[in-house]
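Shown next, in structure tokens, is the structure this report addresses.
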Amino acid sequence: MPSVTDEAVIIGLGETSVGKLPGLSSVQIQAMAVHDALRSCGLSIRDVDGLINLDPYSFPDSMFATTLAEYLGLKPSFCATVDVGGTVTGMTMLQQAIWAINSGHCHTAVCVYGENSLTGRPPGAHGYQLQNLLGGEEWEEPFGLQGMVSMYALLTQRYFHDYGADEADLGAIAVSTREHALQNPNAMMKKPMTLEDHRQSRMICSPLRLLDCSLVADGGGALVLTSAANARRLGARMVRMRSFAMRMTHNTVAQMPDIEELGMRDAGRDAYEAAGIGPEDLDMAQLHDAFTISALVTIDALGFCEPGGAGDYIRTGATAPGGKCPVNTHGGLLSQAHVGGMLHLVEAVRQLRGEAGRRQVPDARLALVSGNGGIFSICGVAILERV
Amino acid sequence: MEAILAILPNPTKETAPFWEGCNRSELLLSACEDCAQVFYYPRLYCPNCGSEKLAWRASAGRGTLYSFTHVGVSFYGPTWESQIPYTLVLLDLDEGPRMLSRLVGPDRDKVQIGDRVRVEFVEFEKQKLPYFSIARE
């Protein structure tokens with residue numbers, strides 16, 4: 001059973017400004033997120049003996065945890081850079097921190113990710129600039145595949161075919177997500193969006209339009225974990241990761257299985273089973289939304305509706321602010337910022353601590369966070385709970 | 001035929017026969033001699049059973065379209081503007097494996113999922129590439 005809950009708990013969260021942070025390197029952005037997270041729970045770098053991060057996707061950089069530890073002035077007893085894929089990486093950081101704390105390798109750990117992927121990319125570049133294509137270069141580049149959006153466009157076209165879905169379904173989640181973003185002062189998108197705005201936006205890779213795509217952004221997020229005993233001694237607000245499951249099915253888009261065989265369904269089932277809950281028990285869900293189609297596939301796979309029913313489900317209002325299970329209460333990757341999905345986890349923790357201000361979900365106890373890396377290549381589902 | 005631009009592969013020892021096959025207008029798949037799995041792309045070990053006893057098998061070059069996208073933005077800078085829009089496809093070869101390729105031909109803007117496609121080798125800088133076109137069968 002892929003349960004990870006035991007003694008270690010999340011006690012702090014940090015988030016930098018998002019959007020354009022000119023003049024800041026990725027290590028500086030991660031350092032800012034770490035300090036912000038430590039301030040949130042009254043700790044300092046002197047209290048940290050565990051550090052887990054991810055190096056920048058746009059400029060892969062080896063030994064990035066030691067780079068950051070030195071920059072911060074840390075000498076941790078547990079230090080690791082993990083790269084699992086997309087938001088699954090953030091969940092895996094938490095899992096590693098919990099294991100490290102529970103087994104005595106460290107007492108207080110910070111998990112952090114951030115980079116300058118917007119101001120750091122080459123002038124005139126479109127989309128997220130990757131230095132590689134998930135290792136599939138030889139079987140992708142000769143055919144003209146570059147950029148994540150074309151892979152998700154292939155998935156979208158097939159989703160339309162399999163379920164009779166259309167661009168109004170994509171637009172539904174884009175609009176719902178924008179409504180959330182308007183409640184978040186740290187969101188890049190500040191203006192309301194209509195279905196018509198979505199339908200009129202520029203075609204990027206058919207059938208995906210500009211407003212189906214997430215926001216390349218500078219920014220960072222961090223979470224602090226320690227033992228439950230230490231957390232009680234500090235009088236900290238506690239959130240625990242009640243379960244976490246992942247499933248990998250493929251890597252490159254050429255090896256992608258049919259939609260209902262993607263790993264999100266199995267990861268979700270395992271995470272629900274380990275936590276002893278179902279989708280009806282959730283107070284909110286922070287779902288991977290690098291593209292609108294990601295959220296639709298995930299809503300289907302996690303049992304919020306029948307396969308192909310995500311568009312209708314969204315149109316009931318369930319995912320919007322005040323809905324029965326609000327989705328991406330911070331505005332998600334689509335309308336807040338794409339910071340590797342780390343801010344999905346930060347937002348879930350913020351909500352469960354009751355610190356989300358005007359967008360607070362009332363009496364939030366249980367949050368689901370989903371992630372996928374690549375093109376649903378690896379999928380992860382975490383269930384977080386207020387202690 | 002439109003003037004094609006392509007990023008050429010950097011073959012390894014194990015994949016060079018595939019690209020050499022393309023230059024002979026042969027689409028080569030890998031076949032496992034132990035479990036009979038036919039797979040693409042070529043690897044040192046069978047991804048089904050782990051066997052190293054692998055052979056090359058020529059595909060008939062026919063398949064069914066699984067999905068497609070018309071790429072409307074150049075991700076390779078201004079030199080690729082001439083290619084826009086071009087069409088990427090996922091297709092299921094009749095021998096089984098799924099493959100990513102590029103669709104060529106004058107009628108590619110009318111492509112539909114489920115269309116039959118056939119391989120069409122397109123040469124760029126002395127390397128033939130296994131692109132596909134809609135088959136009129």
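Scheme for the structure tokens: letters A, B, ... for chains in order shown; per-chain residue numbers from 1; ligand numbers from 1 in order shown.
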
Review point. Counting only C-alpha atoms, which residues of chain B come no farther than 6 Å from chain A, as a PyMOL selection string?
Key: chain B and resi 6-9+67-73+99-102

Residues from last step as file, C-alpha atoms, as an mmCIF file, in the first residue's frame:
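The new file result_30.cif reads:
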```cif
data_model
loop_
_atom_site.group_PDB
_atom_site.id
_atom_site.type_symbol
_atom_site.label_atom_id
_atom_site.label_comp_id
_atom_site.auth_asym_id
_atom_site.auth_seq_id
_atom_site.Cartn_x
_atom_site.Cartn_y
_atom_site.Cartn_z
ATOM 1 C CA ALA B 6 14.214 18.465 -40.477
ATOM 2 C CA ILE B 7 16.447 18.002 -37.473
ATOM 3 C CA LEU B 8 18.477 14.933 -38.398
ATOM 4 C CA PRO B 9 19.051 12.125 -35.904
ATOM 5 C CA SER B 67 -4.079 11.173 -33.688
ATOM 6 C CA PHE B 68 -2.779 14.301 -35.378
ATOM 7 C CA THR B 69 -2.046 17.976 -34.794
ATOM 8 C CA HIS B 70 -1.406 20.845 -37.175
ATOM 9 C CA VAL B 71 1.513 22.776 -35.695
ATOM 10 C CA GLY B 72 0.813 26.496 -36.007
ATOM 11 C CA VAL B 73 3.884 27.989 -34.322
ATOM 12 C CA MET B 99 4.886 5.597 -33.954
ATOM 13 C CA LEU B 100 5.241 9.367 -34.119
ATOM 14 C CA SER B 101 5.745 10.793 -37.587
ATOM 15 C CA ARG B 102 5.053 13.737 -39.852
#
```

**Study point:** Length of the atom CA of A:Ala318 to atom CA of A:Leu287 vector [Å]
**Key:**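 One can read the atom CA of A:Ala318 to atom CA of A:Leu287 distance as 13.7 Å.
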
Point to revise | Residues near A:Ser26, cut-off 10 Å, only C-alpha atoms, skip fewer than 3 positions along chain, as a PyMOL selection string | key: chain A and resi 23+29-32+55-56+58-59+64+68+113-117+120+218-220

Written selection (N, CA and C atoms) as a PDB file, in the first residue's frame:
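Output file out01.pdb follows:
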```pdb
ATOM      1  N   GLY A  23      16.634  39.354 -13.519  1.00  0.00           N
ATOM      2  CA  GLY A  23      17.863  39.519 -12.751  1.00  0.00           C
ATOM      3  C   GLY A  23      18.065  38.472 -11.687  1.00  0.00           C
ATOM      4  N   ILE A  29      16.050  32.256  -6.735  1.00  0.00           N
ATOM      5  CA  ILE A  29      14.591  32.093  -6.594  1.00  0.00           C
ATOM      6  C   ILE A  29      14.288  30.970  -5.594  1.00  0.00           C
ATOM      7  N   GLN A  30      15.027  29.869  -5.695  1.00  0.00           N
ATOM      8  CA  GLN A  30      14.796  28.780  -4.734  1.00  0.00           C
ATOM      9  C   GLN A  30      15.148  29.223  -3.309  1.00  0.00           C
ATOM     10  N   ALA A  31      16.219  29.998  -3.162  1.00  0.00           N
ATOM     11  CA  ALA A  31      16.603  30.485  -1.827  1.00  0.00           C
ATOM     12  C   ALA A  31      15.512  31.382  -1.245  1.00  0.00           C
ATOM     13  N   MET A  32      14.909  32.227  -2.087  1.00  0.00           N
ATOM     14  CA  MET A  32      13.825  33.099  -1.616  1.00  0.00           C
ATOM     15  C   MET A  32      12.641  32.264  -1.131  1.00  0.00           C
ATOM     16  N   ASP A  55      16.415  20.654  -9.976  1.00  0.00           N
ATOM     17  CA  ASP A  55      17.172  21.650 -10.734  1.00  0.00           C
ATOM     18  C   ASP A  55      16.296  22.212 -11.854  1.00  0.00           C
ATOM     19  N   PRO A  56      16.673  23.375 -12.413  1.00  0.00           N
ATOM     20  CA  PRO A  56      15.820  24.016 -13.419  1.00  0.00           C
ATOM     21  C   PRO A  56      15.639  23.126 -14.656  1.00  0.00           C
ATOM     22  N   SER A  58      14.640  24.253 -17.546  1.00  0.00           N
ATOM     23  CA  SER A  58      15.071  24.940 -18.762  1.00  0.00           C
ATOM     24  C   SER A  58      16.594  24.937 -18.906  1.00  0.00           C
ATOM     25  N   PHE A  59      17.299  24.840 -17.785  1.00  0.00           N
ATOM     26  CA  PHE A  59      18.763  24.767 -17.843  1.00  0.00           C
ATOM     27  C   PHE A  59      19.220  23.696 -16.854  1.00  0.00           C
ATOM     28  N   PHE A  64      22.265  20.202  -7.923  1.00  0.00           N
ATOM     29  CA  PHE A  64      21.650  21.493  -7.623  1.00  0.00           C
ATOM     30  C   PHE A  64      21.264  21.626  -6.150  1.00  0.00           C
ATOM     31  N   LEU A  68      22.370  24.844  -3.926  1.00  0.00           N
ATOM     32  CA  LEU A  68      21.453  25.641  -3.117  1.00  0.00           C
ATOM     33  C   LEU A  68      21.853  25.613  -1.643  1.00  0.00           C
ATOM     34  N   TYR A 113      11.343  24.070  -5.175  1.00  0.00           N
ATOM     35  CA  TYR A 113      11.567  24.121  -6.618  1.00  0.00           C
ATOM     36  C   TYR A 113      11.285  25.548  -7.085  1.00  0.00           C
ATOM     37  N   GLY A 114      12.042  25.977  -8.062  1.00  0.00           N
ATOM     38  CA  GLY A 114      11.809  27.280  -8.671  1.00  0.00           C
ATOM     39  C   GLY A 114      12.839  27.507  -9.750  1.00  0.00           C
ATOM     40  N   GLU A 115      12.484  28.304 -10.710  1.00  0.00           N
ATOM     41  CA  GLU A 115      13.456  28.650 -11.741  1.00  0.00           C
ATOM     42  C   GLU A 115      13.009  29.895 -12.490  1.00  0.00           C
ATOM     43  N   ASN A 116      13.918  30.405 -13.332  1.00  0.00           N
ATOM     44  CA  ASN A 116      13.615  31.620 -14.100  1.00  0.00           C
ATOM     45  C   ASN A 116      13.293  31.257 -15.552  1.00  0.00           C
ATOM     46  N   SER A 117      12.301  30.395 -15.735  1.00  0.00           N
ATOM     47  CA  SER A 117      12.066  29.890 -17.092  1.00  0.00           C
ATOM     48  C   SER A 117      11.459  30.925 -18.028  1.00  0.00           C
ATOM     49  N   GLY A 120      14.563  33.804 -18.279  1.00  0.00           N
ATOM     50  CA  GLY A 120      15.810  33.106 -18.614  1.00  0.00           C
ATOM     51  C   GLY A 120      15.817  32.464 -19.983  1.00  0.00           C
ATOM     52  N   ASP A 218       8.628  32.740 -14.164  1.00  0.00           N
ATOM     53  CA  ASP A 218       9.636  32.664 -13.110  1.00  0.00           C
ATOM     54  C   ASP A 218       8.881  32.508 -11.795  1.00  0.00           C
ATOM     55  N   GLY A 219       9.477  31.816 -10.862  1.00  0.00           N
ATOM     56  CA  GLY A 219       8.840  31.703  -9.546  1.00  0.00           C
ATOM     57  C   GLY A 219       9.307  30.459  -8.845  1.00  0.00           C
ATOM     58  N   GLY A 220       8.946  30.378  -7.557  1.00  0.00           N
ATOM     59  CA  GLY A 220       9.358  29.220  -6.773  1.00  0.00           C
ATOM     60  C   GLY A 220       8.405  28.963  -5.630  1.00  0.00           C
TER      61      GLY A 220
END
```

**Study point:** For B:Phe132, the nearest of the candidates B:Thr79, B:Lys53, B:Leu65, B:Leu29, counting only C-alpha atoms
**Key:**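 The shortest atom-to-atom distance to B:Phe132 comes from B:Leu65.
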
Exercise for review: May I have the residues within 10 Å of stretch 288-294 of chain A as a PyMOL selection string, using only C-alpha atoms and disregarding those fewer than 2 positions away in the same chain?
Suggested key: chain A and resi 86-88+148-149+152-153+155-157+159-160+167+169-174+177+208-216+285-286+296-299+310+327-328+331-335+337-341+344+369-373+375-376+379-381

Check your understanding: Near stretch 241-246 of chain A, within 9 Å and counting only C-alpha atoms, which residues show up once chain neighbours fewer than 4 positions away are dropped, as JSON, numbers by chain?
Key -> {"A": [1, 2, 3, 4, 5, 6, 8, 9, 10, 88, 91, 92, 94, 95, 98, 263, 264, 266, 267, 268, 269, 270, 271, 272, 273, 274, 275, 378, 379, 380, 381, 382, 383, 384, 385]}

Pick out each residue of stretch 56-98 of chain B that DSSP on the backbone tags as strand (DSSP E or B); I need them as a PDB file with N, CA and C atoms, in the first residue's frame.
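Written file, result_3.pdb:
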```pdb
ATOM      1  N   TRP B  56      15.926  -7.585 -37.169  1.00  0.00           N
ATOM      2  CA  TRP B  56      15.233  -6.507 -37.871  1.00  0.00           C
ATOM      3  C   TRP B  56      14.146  -7.108 -38.743  1.00  0.00           C
ATOM      4  N   ARG B  57      12.994  -6.470 -38.749  1.00  0.00           N
ATOM      5  CA  ARG B  57      11.914  -6.930 -39.621  1.00  0.00           C
ATOM      6  C   ARG B  57      11.345  -5.722 -40.366  1.00  0.00           C
ATOM      7  N   ALA B  58      11.276  -5.837 -41.682  1.00  0.00           N
ATOM      8  CA  ALA B  58      10.763  -4.716 -42.477  1.00  0.00           C
ATOM      9  C   ALA B  58       9.257  -4.591 -42.292  1.00  0.00           C
ATOM     10  N   ARG B  62       2.422   0.383 -43.537  1.00  0.00           N
ATOM     11  CA  ARG B  62       1.001   0.787 -43.545  1.00  0.00           C
ATOM     12  C   ARG B  62       0.515   0.882 -42.111  1.00  0.00           C
ATOM     13  N   GLY B  63      -0.397   1.799 -41.891  1.00  0.00           N
ATOM     14  CA  GLY B  63      -0.914   1.933 -40.539  1.00  0.00           C
ATOM     15  C   GLY B  63      -2.207   2.719 -40.514  1.00  0.00           C
ATOM     16  N   THR B  64      -2.712   2.899 -39.297  1.00  0.00           N
ATOM     17  CA  THR B  64      -3.968   3.613 -39.075  1.00  0.00           C
ATOM     18  C   THR B  64      -3.687   4.798 -38.168  1.00  0.00           C
ATOM     19  N   LEU B  65      -4.237   5.939 -38.538  1.00  0.00           N
ATOM     20  CA  LEU B  65      -3.937   7.161 -37.799  1.00  0.00           C
ATOM     21  C   LEU B  65      -4.580   7.133 -36.420  1.00  0.00           C
ATOM     22  N   TYR B  66      -3.767   7.346 -35.375  1.00  0.00           N
ATOM     23  CA  TYR B  66      -4.262   7.383 -33.996  1.00  0.00           C
ATOM     24  C   TYR B  66      -4.602   8.809 -33.577  1.00  0.00           C
ATOM     25  N   SER B  67      -3.765   9.763 -33.961  1.00  0.00           N
ATOM     26  CA  SER B  67      -4.079  11.173 -33.688  1.00  0.00           C
ATOM     27  C   SER B  67      -3.205  12.069 -34.554  1.00  0.00           C
ATOM     28  N   PHE B  68      -3.546  13.352 -34.566  1.00  0.00           N
ATOM     29  CA  PHE B  68      -2.779  14.301 -35.378  1.00  0.00           C
ATOM     30  C   PHE B  68      -2.891  15.691 -34.771  1.00  0.00           C
ATOM     31  N   THR B  69      -1.937  16.555 -35.134  1.00  0.00           N
ATOM     32  CA  THR B  69      -2.046  17.976 -34.794  1.00  0.00           C
ATOM     33  C   THR B  69      -1.387  18.784 -35.899  1.00  0.00           C
ATOM     34  N   HIS B  70      -2.019  19.907 -36.239  1.00  0.00           N
ATOM     35  CA  HIS B  70      -1.406  20.845 -37.175  1.00  0.00           C
ATOM     36  C   HIS B  70      -0.644  21.876 -36.349  1.00  0.00           C
ATOM     37  N   VAL B  71       0.670  21.900 -36.503  1.00  0.00           N
ATOM     38  CA  VAL B  71       1.513  22.776 -35.695  1.00  0.00           C
ATOM     39  C   VAL B  71       1.475  24.182 -36.297  1.00  0.00           C
ATOM     40  N   TYR B  86       2.661  22.530 -40.226  1.00  0.00           N
ATOM     41  CA  TYR B  86       2.950  21.149 -40.615  1.00  0.00           C
ATOM     42  C   TYR B  86       2.197  20.222 -39.674  1.00  0.00           C
ATOM     43  N   THR B  87       2.161  18.948 -40.032  1.00  0.00           N
ATOM     44  CA  THR B  87       1.251  18.031 -39.345  1.00  0.00           C
ATOM     45  C   THR B  87       2.021  16.890 -38.702  1.00  0.00           C
ATOM     46  N   LEU B  88       1.870  16.775 -37.385  1.00  0.00           N
ATOM     47  CA  LEU B  88       2.441  15.644 -36.649  1.00  0.00           C
ATOM     48  C   LEU B  88       1.356  14.595 -36.463  1.00  0.00           C
ATOM     49  N   VAL B  89       1.751  13.339 -36.544  1.00  0.00           N
ATOM     50  CA  VAL B  89       0.771  12.256 -36.365  1.00  0.00           C
ATOM     51  C   VAL B  89       1.313  11.179 -35.436  1.00  0.00           C
ATOM     52  N   LEU B  90       0.398  10.556 -34.711  1.00  0.00           N
ATOM     53  CA  LEU B  90       0.657   9.272 -34.068  1.00  0.00           C
ATOM     54  C   LEU B  90      -0.094   8.244 -34.897  1.00  0.00           C
ATOM     55  N   LEU B  91       0.564   7.140 -35.222  1.00  0.00           N
ATOM     56  CA  LEU B  91      -0.099   6.117 -36.029  1.00  0.00           C
ATOM     57  C   LEU B  91       0.221   4.748 -35.458  1.00  0.00           C
ATOM     58  N   ASP B  92      -0.703   3.836 -35.681  1.00  0.00           N
ATOM     59  CA  ASP B  92      -0.504   2.450 -35.265  1.00  0.00           C
ATOM     60  C   ASP B  92      -0.169   1.635 -36.509  1.00  0.00           C
ATOM     61  N   LEU B  93       1.084   1.171 -36.570  1.00  0.00           N
ATOM     62  CA  LEU B  93       1.502   0.340 -37.700  1.00  0.00           C
ATOM     63  C   LEU B  93       0.727  -0.981 -37.690  1.00  0.00           C
ATOM     64  N   ARG B  98       3.100   1.634 -32.072  1.00  0.00           N
ATOM     65  CA  ARG B  98       2.673   3.019 -32.285  1.00  0.00           C
ATOM     66  C   ARG B  98       3.911   3.844 -32.613  1.00  0.00           C
TER      67      ARG B  98
END
```

Would you mind listing, for every residue of stretch 25-66 of chain B within 10 Å of stretch 126-131 of chain B, the two atoms forming the shortest contact and the distance between them in Å to one decimal, using only C-alpha atoms, sorted by chain and ascending residue number, as JSON lines?
```
{"residue": "B:Ser25", "atom": "CA", "partner": "B:Lys128", "partner_atom": "CA", "distance": 7.5}
{"residue": "B:Glu26", "atom": "CA", "partner": "B:Pro130", "partner_atom": "CA", "distance": 8.6}
{"residue": "B:Leu27", "atom": "CA", "partner": "B:Pro130", "partner_atom": "CA", "distance": 7.0}
{"residue": "B:Gly61", "atom": "CA", "partner": "B:Pro130", "partner_atom": "CA", "distance": 8.9}
```

Selected residues written out with C-alpha atoms, as a PDB file, in the first residue's frame:
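Okay, part-v7.pdb is ready:
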```
ATOM      1  CA  SER B  25      13.241   3.011 -48.291  1.00  0.00           C
ATOM      2  CA  GLU B  26      12.764   0.281 -45.695  1.00  0.00           C
ATOM      3  CA  LEU B  27      10.987   0.907 -42.392  1.00  0.00           C
ATOM      4  CA  GLY B  61       4.773   0.695 -44.003  1.00  0.00           C
TER       5      GLY B  61
END
```
